[in-house]
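**Q** Structure below; questions to follow.
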Amino acid sequence: MALAITGARLNGEQVCLRTADGLIEELGAGVEPRADDDRIDATGLALIPGLVNAHTHAAMTLFRGYADDLPLMEWLEQHIWPAERRLEADDVYWGTRLACLEMARAGTIRFWDMYWKQAATARAVKDAGMRAIVGAPLIDGKDPDQAPRLLAKARRTIEEIEEAGQGAVRPALAPHAIYTVSEPSLRGIAEISAERDVPVEIHLSETEQEVTDCIAETGLRPAQYLDRTGLLGPRTVLAHCVWLDQAEIELIVERGATMVTNPVANLKLAVGGVFPYAAARAAGAEIALGTDGAGSNNSLDMLDDVKAFALIQKHVAADPAAVTAAEAWEIATGQRAELVGGGPLAAGAPADFALARLDAPSLALGELDAGLVYAADASAIRMTVVAGRVVYRQGDRAELDEVLAHAREQAARLGLVRS
Ligand SMILES: [Zn+2]
């Protein structure tokens, strides 16, 4: 069914947007709805590009509010990893469905995911009507003898994700980090990525300890070491990127990899540093924004995170112009990173967008991008559309109630119940 969105505001104009086959077919002031279009009256709403969450672990909605306020390694080793060993496909399915709804409610249309039971993630994304790039975490405990097993798994997961996602999901390879994956495995993953043209997502330089350990073991800083494995390239998305030095930033730009900043997770886990935005921008880096998982954020609301990103960068630079609202909005909507993807709304582009309420207190006055970045939260989003289908309509609770009931059941099964 083709949609016709009428009366929406876009760049100061009242426009009509028509979709066909998941794409924007027509967009503009002179466009008219057709007789058989499913019409949506968007008077009083602004048409905005959807947000792109460039790094998350969607099913970790089940872990929200569990084992908070701990340092990263203690949090992972003593709480998250033991609980994750009990995970089953249904846990991941319902955790991901909840994440999809939560993201759609705040205008997110697409996300990059790294999590266990990847086929369940892909199925949940498809059923939710969202888009995602999904990778199974690849971890061999840095044991090179495990590399053949891990690489066989990597190949298998690509097929599994493709099959379960049925076009809504693109598979990725997701080596967890340089401190959990051996060098032969990293090299093998780089080869599979090139051979299959599959993107790679990896955590890089999240803590200072990771840098110290990498130098002690290899004589190289993390980005240089990753380059030695062949993994630093245009198909790779690097999450966190907190402790990079200037030479690493230049190397990443030269190789064409994408940097993702996760400001809220970094603040909450108190990693002690800040993504080097000014240096990355000056070097011409591809930059995107991600929430990280609900275990370490704890929100998946990109409207919260874009504000945190802008504020923290202004603060560390002691310069309110260090990042402008327009720039922050482009980063949050994936328009500053080609691989992460997110283009301006135009005929021929995917019909992925949101409608924001111009009667919300946060958006009623002033510049729209400043309102979206500095003032709006999810309550300002009226509707989210992905591939020409409405995936969220403000006020509809039926799907949320159903998904929440299942997610609560799965969390209880995992022993994550509220005390
Ligand atoms: Zn992460």
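Please note that chains go A, B, ... in the order of the structure tokens, that every chain numbers its residues from 1, and that ligands are numbered from 1 in the order shown.
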Could I get the residue neighbourhood of ligand 1 at 10 Å, counting only C-alpha atoms and all ligand atoms, as a VMD selection string?

**A** chain A and resid 55 to 58 113 to 115 176 to 177 201 to 204 206 238 to 240 262 265 290 to 297

**Q** Selection from above, N, CA and C atoms, as a PDB file, in the first residue's frame, can you write it?

**A**
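Wrote out15.pdb, looks like this:
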```pdb
ATOM      1  N   HIS A  55      25.387   2.002  16.952  1.00  0.00           N
ATOM      2  CA  HIS A  55      25.965   0.932  17.774  1.00  0.00           C
ATOM      3  C   HIS A  55      25.073   0.631  18.970  1.00  0.00           C
ATOM      4  N   THR A  56      24.523  -0.596  18.978  1.00  0.00           N
ATOM      5  CA  THR A  56      23.742  -0.994  20.139  1.00  0.00           C
ATOM      6  C   THR A  56      23.771  -2.511  20.298  1.00  0.00           C
ATOM      7  N   HIS A  57      23.202  -2.969  21.384  1.00  0.00           N
ATOM      8  CA  HIS A  57      23.005  -4.391  21.647  1.00  0.00           C
ATOM      9  C   HIS A  57      21.529  -4.471  22.033  1.00  0.00           C
ATOM     10  N   ALA A  58      20.654  -4.567  21.020  1.00  0.00           N
ATOM     11  CA  ALA A  58      19.230  -4.293  21.211  1.00  0.00           C
ATOM     12  C   ALA A  58      18.598  -5.121  22.328  1.00  0.00           C
ATOM     13  N   ASP A 113      23.519  -3.591  15.215  1.00  0.00           N
ATOM     14  CA  ASP A 113      23.396  -4.414  16.409  1.00  0.00           C
ATOM     15  C   ASP A 113      24.497  -5.453  16.505  1.00  0.00           C
ATOM     16  N   MET A 114      24.920  -5.736  17.721  1.00  0.00           N
ATOM     17  CA  MET A 114      25.878  -6.812  18.001  1.00  0.00           C
ATOM     18  C   MET A 114      25.314  -7.586  19.181  1.00  0.00           C
ATOM     19  N   TYR A 115      24.795  -8.818  18.911  1.00  0.00           N
ATOM     20  CA  TYR A 115      24.298  -9.586  20.045  1.00  0.00           C
ATOM     21  C   TYR A 115      24.147 -11.069  19.722  1.00  0.00           C
ATOM     22  N   HIS A 176      34.104  -8.908  18.911  1.00  0.00           N
ATOM     23  CA  HIS A 176      33.716  -8.064  20.046  1.00  0.00           C
ATOM     24  C   HIS A 176      34.705  -6.924  20.298  1.00  0.00           C
ATOM     25  N   ALA A 177      36.007  -7.271  20.399  1.00  0.00           N
ATOM     26  CA  ALA A 177      37.027  -6.241  20.681  1.00  0.00           C
ATOM     27  C   ALA A 177      38.402  -6.875  20.511  1.00  0.00           C
ATOM     28  N   GLU A 201      31.607  -4.713  12.637  1.00  0.00           N
ATOM     29  CA  GLU A 201      31.448  -3.786  13.761  1.00  0.00           C
ATOM     30  C   GLU A 201      32.269  -4.309  14.930  1.00  0.00           C
ATOM     31  N   ILE A 202      33.021  -3.417  15.569  1.00  0.00           N
ATOM     32  CA  ILE A 202      33.912  -3.817  16.666  1.00  0.00           C
ATOM     33  C   ILE A 202      34.008  -2.669  17.672  1.00  0.00           C
ATOM     34  N   HIS A 203      34.140  -3.024  18.966  1.00  0.00           N
ATOM     35  CA  HIS A 203      34.418  -1.999  19.984  1.00  0.00           C
ATOM     36  C   HIS A 203      35.909  -1.665  19.903  1.00  0.00           C
ATOM     37  N   LEU A 204      36.261  -0.401  19.875  1.00  0.00           N
ATOM     38  CA  LEU A 204      37.682  -0.039  19.826  1.00  0.00           C
ATOM     39  C   LEU A 204      37.987   1.130  20.748  1.00  0.00           C
ATOM     40  N   GLU A 206      37.786   1.742  24.023  1.00  0.00           N
ATOM     41  CA  GLU A 206      36.737   2.215  24.933  1.00  0.00           C
ATOM     42  C   GLU A 206      37.364   2.662  26.258  1.00  0.00           C
ATOM     43  N   LEU A 238      33.685   1.382  13.977  1.00  0.00           N
ATOM     44  CA  LEU A 238      34.403   1.306  15.249  1.00  0.00           C
ATOM     45  C   LEU A 238      33.580   1.989  16.337  1.00  0.00           C
ATOM     46  N   ALA A 239      33.138   1.221  17.322  1.00  0.00           N
ATOM     47  CA  ALA A 239      32.340   1.824  18.401  1.00  0.00           C
ATOM     48  C   ALA A 239      33.271   2.398  19.475  1.00  0.00           C
ATOM     49  N   HIS A 240      32.832   3.464  20.088  1.00  0.00           N
ATOM     50  CA  HIS A 240      33.486   4.150  21.218  1.00  0.00           C
ATOM     51  C   HIS A 240      34.615   5.094  20.794  1.00  0.00           C
ATOM     52  N   ASN A 262      29.693   6.991  21.460  1.00  0.00           N
ATOM     53  CA  ASN A 262      28.644   6.479  22.362  1.00  0.00           C
ATOM     54  C   ASN A 262      28.710   7.271  23.666  1.00  0.00           C
ATOM     55  N   ALA A 265      26.871   6.022  27.158  1.00  0.00           N
ATOM     56  CA  ALA A 265      27.461   4.804  27.732  1.00  0.00           C
ATOM     57  C   ALA A 265      28.858   5.106  28.293  1.00  0.00           C
ATOM     58  N   GLY A 290      25.833   6.400  18.461  1.00  0.00           N
ATOM     59  CA  GLY A 290      25.126   5.210  18.913  1.00  0.00           C
ATOM     60  C   GLY A 290      24.821   5.288  20.396  1.00  0.00           C
ATOM     61  N   THR A 291      23.794   4.533  20.800  1.00  0.00           N
ATOM     62  CA  THR A 291      23.431   4.549  22.218  1.00  0.00           C
ATOM     63  C   THR A 291      24.246   3.537  23.013  1.00  0.00           C
ATOM     64  N   ASP A 292      24.756   2.471  22.345  1.00  0.00           N
ATOM     65  CA  ASP A 292      25.226   1.264  23.022  1.00  0.00           C
ATOM     66  C   ASP A 292      23.993   0.575  23.627  1.00  0.00           C
ATOM     67  N   GLY A 293      24.177  -0.507  24.365  1.00  0.00           N
ATOM     68  CA  GLY A 293      23.027  -1.270  24.826  1.00  0.00           C
ATOM     69  C   GLY A 293      22.309  -0.632  26.003  1.00  0.00           C
ATOM     70  N   ALA A 294      21.092  -1.131  26.261  1.00  0.00           N
ATOM     71  CA  ALA A 294      20.313  -0.595  27.381  1.00  0.00           C
ATOM     72  C   ALA A 294      20.901  -1.013  28.724  1.00  0.00           C
ATOM     73  N   GLY A 295      21.856  -1.951  28.719  1.00  0.00           N
ATOM     74  CA  GLY A 295      22.544  -2.301  29.961  1.00  0.00           C
ATOM     75  C   GLY A 295      23.511  -1.218  30.389  1.00  0.00           C
ATOM     76  N   SER A 296      24.014  -0.428  29.454  1.00  0.00           N
ATOM     77  CA  SER A 296      25.060   0.542  29.793  1.00  0.00           C
ATOM     78  C   SER A 296      24.690   1.971  29.427  1.00  0.00           C
ATOM     79  N   ASN A 297      23.407   2.226  29.125  1.00  0.00           N
ATOM     80  CA  ASN A 297      23.084   3.610  28.685  1.00  0.00           C
ATOM     81  C   ASN A 297      22.176   4.368  29.637  1.00  0.00           C
TER      82      ASN A 297
END
```

**Q** Considering only C-alpha atoms, return as a list in words whatever protein or nucleic-acid residues lie within 7 Å of region 116-123 of chain A, sequence-local ones (same chain, fewer than 4 positions apart) excluded.

**A** Ala89, Val92, Tyr93, Thr96, Asp127, Val134, Gly135, Ala136, Pro137, Glu160, Ile161, Ala164, Gly165 and Val169 of chain A

**Q** Can you spit out the residues from that selection as a short mmCIF file (atom, residue, chain, number, x, y, z; two decimals), in the first residue's frame, using all heavy atoms?

**A**
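For reference, selection23.cif as written:
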```
data_model
loop_
_atom_site.label_atom_id
_atom_site.label_comp_id
_atom_site.auth_asym_id
_atom_site.auth_seq_id
_atom_site.Cartn_x
_atom_site.Cartn_y
_atom_site.Cartn_z
N ALA A 89 16.92 -18.10 22.51
CA ALA A 89 16.45 -17.30 21.36
C ALA A 89 15.24 -16.43 21.72
O ALA A 89 15.16 -15.27 21.30
CB ALA A 89 16.12 -18.22 20.20
N VAL A 92 16.17 -13.17 23.40
CA VAL A 92 16.72 -12.18 22.47
C VAL A 92 15.62 -11.63 21.56
O VAL A 92 15.57 -10.43 21.27
CB VAL A 92 17.87 -12.81 21.65
CG1 VAL A 92 18.32 -11.90 20.53
CG2 VAL A 92 19.04 -13.13 22.60
N TYR A 93 14.72 -12.50 21.13
CA TYR A 93 13.63 -12.05 20.26
C TYR A 93 12.81 -10.95 20.95
O TYR A 93 12.63 -9.86 20.40
CB TYR A 93 12.73 -13.22 19.86
CG TYR A 93 11.57 -12.78 19.00
CD1 TYR A 93 11.74 -12.62 17.62
CD2 TYR A 93 10.33 -12.46 19.55
CE1 TYR A 93 10.70 -12.17 16.82
CE2 TYR A 93 9.28 -12.01 18.76
CZ TYR A 93 9.48 -11.87 17.40
OH TYR A 93 8.45 -11.40 16.61
N THR A 96 14.72 -7.74 21.74
CA THR A 96 14.94 -6.93 20.52
C THR A 96 13.64 -6.27 20.07
O THR A 96 13.65 -5.11 19.63
CB THR A 96 15.52 -7.81 19.39
OG1 THR A 96 16.71 -8.44 19.87
CG2 THR A 96 15.85 -6.99 18.17
N ASP A 127 10.00 -8.56 12.07
CA ASP A 127 8.62 -8.51 12.59
C ASP A 127 8.25 -7.11 13.07
O ASP A 127 7.08 -6.72 13.02
CB ASP A 127 8.44 -9.52 13.73
CG ASP A 127 8.50 -10.96 13.23
OD1 ASP A 127 8.50 -11.17 12.00
OD2 ASP A 127 8.57 -11.89 14.06
N VAL A 134 22.96 -6.53 11.50
CA VAL A 134 23.04 -7.41 12.67
C VAL A 134 24.29 -8.29 12.58
O VAL A 134 24.54 -8.93 11.56
CB VAL A 134 21.78 -8.31 12.74
CG1 VAL A 134 21.92 -9.39 13.80
CG2 VAL A 134 20.54 -7.45 13.01
N GLY A 135 25.04 -8.31 13.68
CA GLY A 135 26.21 -9.18 13.75
C GLY A 135 26.19 -9.99 15.04
O GLY A 135 25.78 -9.49 16.09
N ALA A 136 26.65 -11.25 14.94
CA ALA A 136 26.80 -12.08 16.15
C ALA A 136 28.15 -11.73 16.77
O ALA A 136 29.14 -11.62 16.05
CB ALA A 136 26.79 -13.54 15.76
N PRO A 137 28.20 -11.56 18.10
CA PRO A 137 29.51 -11.30 18.72
C PRO A 137 30.45 -12.47 18.46
O PRO A 137 30.07 -13.63 18.62
CB PRO A 137 29.20 -11.19 20.22
CG PRO A 137 27.72 -11.09 20.32
CD PRO A 137 27.14 -11.69 19.09
N GLU A 160 22.75 -17.33 8.39
CA GLU A 160 21.61 -17.36 9.33
C GLU A 160 20.88 -16.03 9.41
O GLU A 160 19.66 -15.96 9.42
CB GLU A 160 22.16 -17.62 10.74
CG GLU A 160 22.06 -19.02 11.22
CD GLU A 160 22.62 -19.10 12.63
OE1 GLU A 160 22.22 -18.28 13.51
OE2 GLU A 160 23.46 -19.95 12.83
N ILE A 161 21.67 -14.95 9.50
CA ILE A 161 21.07 -13.61 9.65
C ILE A 161 20.34 -13.23 8.38
O ILE A 161 19.22 -12.71 8.42
CB ILE A 161 22.17 -12.58 10.01
CG1 ILE A 161 22.74 -12.89 11.40
CG2 ILE A 161 21.64 -11.15 9.94
CD1 ILE A 161 24.05 -12.20 11.72
N ALA A 164 17.04 -15.24 8.26
CA ALA A 164 16.03 -14.84 9.26
C ALA A 164 15.54 -13.41 9.02
O ALA A 164 14.39 -13.09 9.33
CB ALA A 164 16.60 -14.98 10.66
N GLY A 165 16.40 -12.55 8.48
CA GLY A 165 16.04 -11.13 8.33
C GLY A 165 15.21 -10.84 7.10
O GLY A 165 14.57 -9.80 7.01
N VAL A 169 17.15 -7.06 7.12
CA VAL A 169 18.37 -7.06 7.91
C VAL A 169 19.56 -7.34 7.01
O VAL A 169 19.51 -8.22 6.15
CB VAL A 169 18.27 -8.16 8.99
CG1 VAL A 169 19.59 -8.33 9.73
CG2 VAL A 169 17.15 -7.82 9.97
#
```

**Q** Just asking: which residues within region 125-330 of chain A are strand (DSSP E or B) according to DSSP, as an MDAnalysis selection string?

**A** chainID A and resid 131:138 169:175 177 200:204 236:240 258:261 286:289

**Q** Which of these, A:Thr180, A:Ser185, A:Ser193, A:Gln335, has the shortest distance to Ala147 (chain A) once you count only C-alpha atoms?

**A**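 That would be A:Ser185, the residue with the smallest distance to Ala147 (chain A).
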
**Q** Between A:Ala337, A:Ile192, A:Val385, A:Ala412, which one has atoms that come closest to Leu3 (chain A), using only C-alpha atoms?

**A**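 Residue with the minimum atom-to-atom distance to Leu3 (chain A): A:Val385.
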
**Q** Would you mind writing down, as JSON, numbers by chain, each residue of region 149-286 of chain A that DSSP on the backbone assigns to alpha helix (DSSP H)?

**A** {"A": [149, 150, 151, 152, 153, 154, 155, 156, 157, 158, 159, 160, 161, 162, 163, 164, 165, 183, 184, 185, 186, 187, 188, 189, 190, 191, 192, 193, 194, 195, 196, 208, 209, 210, 211, 212, 213, 214, 215, 216, 217, 218, 222, 223, 224, 225, 226, 227, 228, 246, 247, 248, 249, 250, 251, 252, 253, 254, 255, 263, 264, 265, 266, 267, 268, 277, 278, 279, 280, 281, 282]}

**Q** Residues within 10 Å of Gly371 (chain A), please, as JSON, numbers by chain. Count only C-alpha atoms; anything in the same chain fewer than 4 positions from it doesn't count.

**A** {"A": [325, 358, 360, 361, 362, 363, 364, 365, 366, 367, 375, 376, 377, 380]}

**Q** With N, CA, C and O atoms kept, could you save the residues just selected as an mmCIF file, in the first residue's frame?

**A**
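Written file, part25.cif:
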```
data_model
loop_
_atom_site.group_PDB
_atom_site.id
_atom_site.type_symbol
_atom_site.label_atom_id
_atom_site.label_comp_id
_atom_site.auth_asym_id
_atom_site.auth_seq_id
_atom_site.Cartn_x
_atom_site.Cartn_y
_atom_site.Cartn_z
ATOM 1 N N ALA A 325 24.041 22.544 16.302
ATOM 2 C CA ALA A 325 22.843 21.690 16.303
ATOM 3 C C ALA A 325 22.680 21.003 14.948
ATOM 4 O O ALA A 325 22.380 19.807 14.882
ATOM 5 N N LEU A 358 4.999 19.758 15.852
ATOM 6 C CA LEU A 358 5.329 21.179 15.990
ATOM 7 C C LEU A 358 4.479 21.840 17.078
ATOM 8 O O LEU A 358 4.651 23.025 17.365
ATOM 9 N N ALA A 360 4.549 20.332 20.090
ATOM 10 C CA ALA A 360 5.227 19.934 21.333
ATOM 11 C C ALA A 360 5.942 21.168 21.891
ATOM 12 O O ALA A 360 6.484 21.951 21.113
ATOM 13 N N PRO A 361 5.937 21.361 23.208
ATOM 14 C CA PRO A 361 6.627 22.539 23.759
ATOM 15 C C PRO A 361 8.072 22.647 23.273
ATOM 16 O O PRO A 361 8.565 23.738 23.003
ATOM 17 N N SER A 362 8.734 21.509 23.095
ATOM 18 C CA SER A 362 10.147 21.524 22.703
ATOM 19 C C SER A 362 10.362 21.966 21.255
ATOM 20 O O SER A 362 11.461 22.379 20.893
ATOM 21 N N LEU A 363 9.333 21.858 20.412
ATOM 22 C CA LEU A 363 9.518 22.154 18.986
ATOM 23 C C LEU A 363 8.626 23.282 18.472
ATOM 24 O O LEU A 363 8.671 23.616 17.291
ATOM 25 N N ALA A 364 7.825 23.875 19.344
ATOM 26 C CA ALA A 364 6.827 24.845 18.873
ATOM 27 C C ALA A 364 7.440 26.164 18.418
ATOM 28 O O ALA A 364 6.879 26.858 17.570
ATOM 29 N N LEU A 365 8.592 26.506 18.978
ATOM 30 C CA LEU A 365 9.216 27.796 18.675
ATOM 31 C C LEU A 365 10.683 27.572 18.314
ATOM 32 O O LEU A 365 11.274 26.575 18.713
ATOM 33 N N GLY A 366 11.263 28.511 17.591
ATOM 34 C CA GLY A 366 12.708 28.457 17.331
ATOM 35 C C GLY A 366 13.077 27.532 16.184
ATOM 36 O O GLY A 366 12.219 26.984 15.491
ATOM 37 N N GLU A 367 14.384 27.380 15.982
ATOM 38 C CA GLU A 367 14.900 26.551 14.887
ATOM 39 C C GLU A 367 14.605 25.081 15.157
ATOM 40 O O GLU A 367 14.798 24.599 16.278
ATOM 41 N N ALA A 375 16.248 20.043 22.842
ATOM 42 C CA ALA A 375 15.042 20.115 23.669
ATOM 43 C C ALA A 375 14.112 18.903 23.572
ATOM 44 O O ALA A 375 13.499 18.522 24.565
ATOM 45 N N ALA A 376 14.041 18.289 22.398
ATOM 46 C CA ALA A 376 12.998 17.264 22.196
ATOM 47 C C ALA A 376 13.340 15.943 22.869
ATOM 48 O O ALA A 376 14.503 15.578 23.004
ATOM 49 N N ASP A 377 12.306 15.232 23.278
ATOM 50 C CA ASP A 377 12.463 13.830 23.640
ATOM 51 C C ASP A 377 11.427 13.043 22.840
ATOM 52 O O ASP A 377 10.758 13.588 21.961
ATOM 53 N N ALA A 380 7.924 14.090 21.480
ATOM 54 C CA ALA A 380 7.721 14.996 20.348
ATOM 55 C C ALA A 380 7.570 14.242 19.021
ATOM 56 O O ALA A 380 7.325 14.852 17.987
#
```

**Q** Find the residues around Leu345 (chain A) up to 9 Å (only C-alpha atoms counted), leave out those fewer than 5 positions away in its own chain, and share them as a list in words.

**A**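 Near neighbours after the sequence-gap exclusion: Ile24, Leu27, Leu47, Ile48, Pro49, Pro350, Ala351, Asp352 and Phe353 of chain A.
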
**Q** I'd like the neighbourhood of Arg389 (chain A) as a list in words, where a residue qualifies if any of its atoms comes within 10 Å (using only C-alpha atoms), though same-chain residues fewer than 5 positions away should be ignored.

**A** Met1, Ala2, Leu3, Thr19, Asp21, Gly22, Gly129, Met130, Ala351, Asp352 and Thr384 of chain A

**Q** Would you mind exporting N, CA, C and O atoms of the selected residues as a CSV table (one decimal), in the first residue's frame?

**A**
```csv
chain,number,residue,atom,x,y,z
A,1,MET,N,0.9,-1.2,0.0
A,1,MET,CA,0.0,0.0,0.0
A,1,MET,C,0.9,1.2,0.0
A,1,MET,O,1.8,1.4,0.8
A,2,ALA,N,0.6,2.2,-0.9
A,2,ALA,CA,1.3,3.4,-1.0
A,2,ALA,C,0.8,4.4,0.1
A,2,ALA,O,-0.4,4.5,0.3
A,3,LEU,N,1.7,5.1,0.7
A,3,LEU,CA,1.3,6.1,1.7
A,3,LEU,C,1.3,7.5,1.1
A,3,LEU,O,2.2,7.7,0.2
A,19,THR,N,4.8,7.4,-1.0
A,19,THR,CA,5.7,6.3,-1.1
A,19,THR,C,5.2,5.2,-2.1
A,19,THR,O,4.0,5.2,-2.4
A,21,ASP,N,6.6,1.0,-3.0
A,21,ASP,CA,7.6,-0.1,-2.8
A,21,ASP,C,8.7,0.2,-1.9
A,21,ASP,O,9.8,0.0,-2.1
A,22,GLY,N,8.3,0.9,-0.7
A,22,GLY,CA,9.3,1.1,0.3
A,22,GLY,C,10.2,2.3,0.0
A,22,GLY,O,11.1,2.6,0.8
A,129,GLY,N,9.3,-4.4,11.7
A,129,GLY,CA,9.2,-3.5,10.5
A,129,GLY,C,10.4,-2.5,10.5
A,129,GLY,O,10.4,-1.6,9.7
A,130,MET,N,11.4,-2.8,11.3
A,130,MET,CA,12.6,-1.8,11.3
A,130,MET,C,13.6,-2.3,10.3
A,130,MET,O,13.4,-3.4,9.6
A,351,ALA,N,11.8,5.1,2.0
A,351,ALA,CA,10.8,5.8,2.7
A,351,ALA,C,10.9,5.6,4.2
A,351,ALA,O,10.1,4.9,4.8
A,352,ASP,N,12.0,6.1,4.8
A,352,ASP,CA,12.3,6.0,6.2
A,352,ASP,C,12.3,7.4,6.8
A,352,ASP,O,13.2,8.2,6.4
A,384,THR,N,6.6,7.2,13.2
A,384,THR,CA,7.9,6.7,12.5
A,384,THR,C,7.5,5.8,11.4
A,384,THR,O,6.7,4.8,11.6
```

**Q** Residues of region 7-70 of chain A that have any atom at most 9 Å from an atom of region 301-321 of chain A: could you tabulate them with the shortest-distance atom pair and the distance in Å to one decimal, using only C-alpha atoms, ordered by chain and increasing number, as a tab-separated table?

**A**
```
residue	atom	partner	partner_atom	distance
A:Leu51	CA	A:Met302	CA	6.9
A:Val52	CA	A:Met302	CA	8.1
A:Asn53	CA	A:Met302	CA	6.9
```

**Q** Restricting the calculation to only C-alpha atoms: of A:Val264, A:Val181, A:Leu232, A:Val125, which residue gets closest to Gln166 (chain A)?

**A**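 Of all the options, A:Val125 lies closest to Gln166 (chain A).
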
**Q** For His79 (chain A), which residue among A:Val253, A:Ala67, A:Cys100, A:Ala29 is the nearest when counting only C-alpha atoms?

**A**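 Result for the nearest residue to His79 (chain A): A:Ala67.
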
**Q** Given only C-alpha atoms as the basis, pick out the residue of A:Ala154, A:Val198, A:Cys214, A:Ile287 nearest to Leu186 (chain A).

**A**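 For Leu186 (chain A), the nearest of the given residues is A:Ala154.
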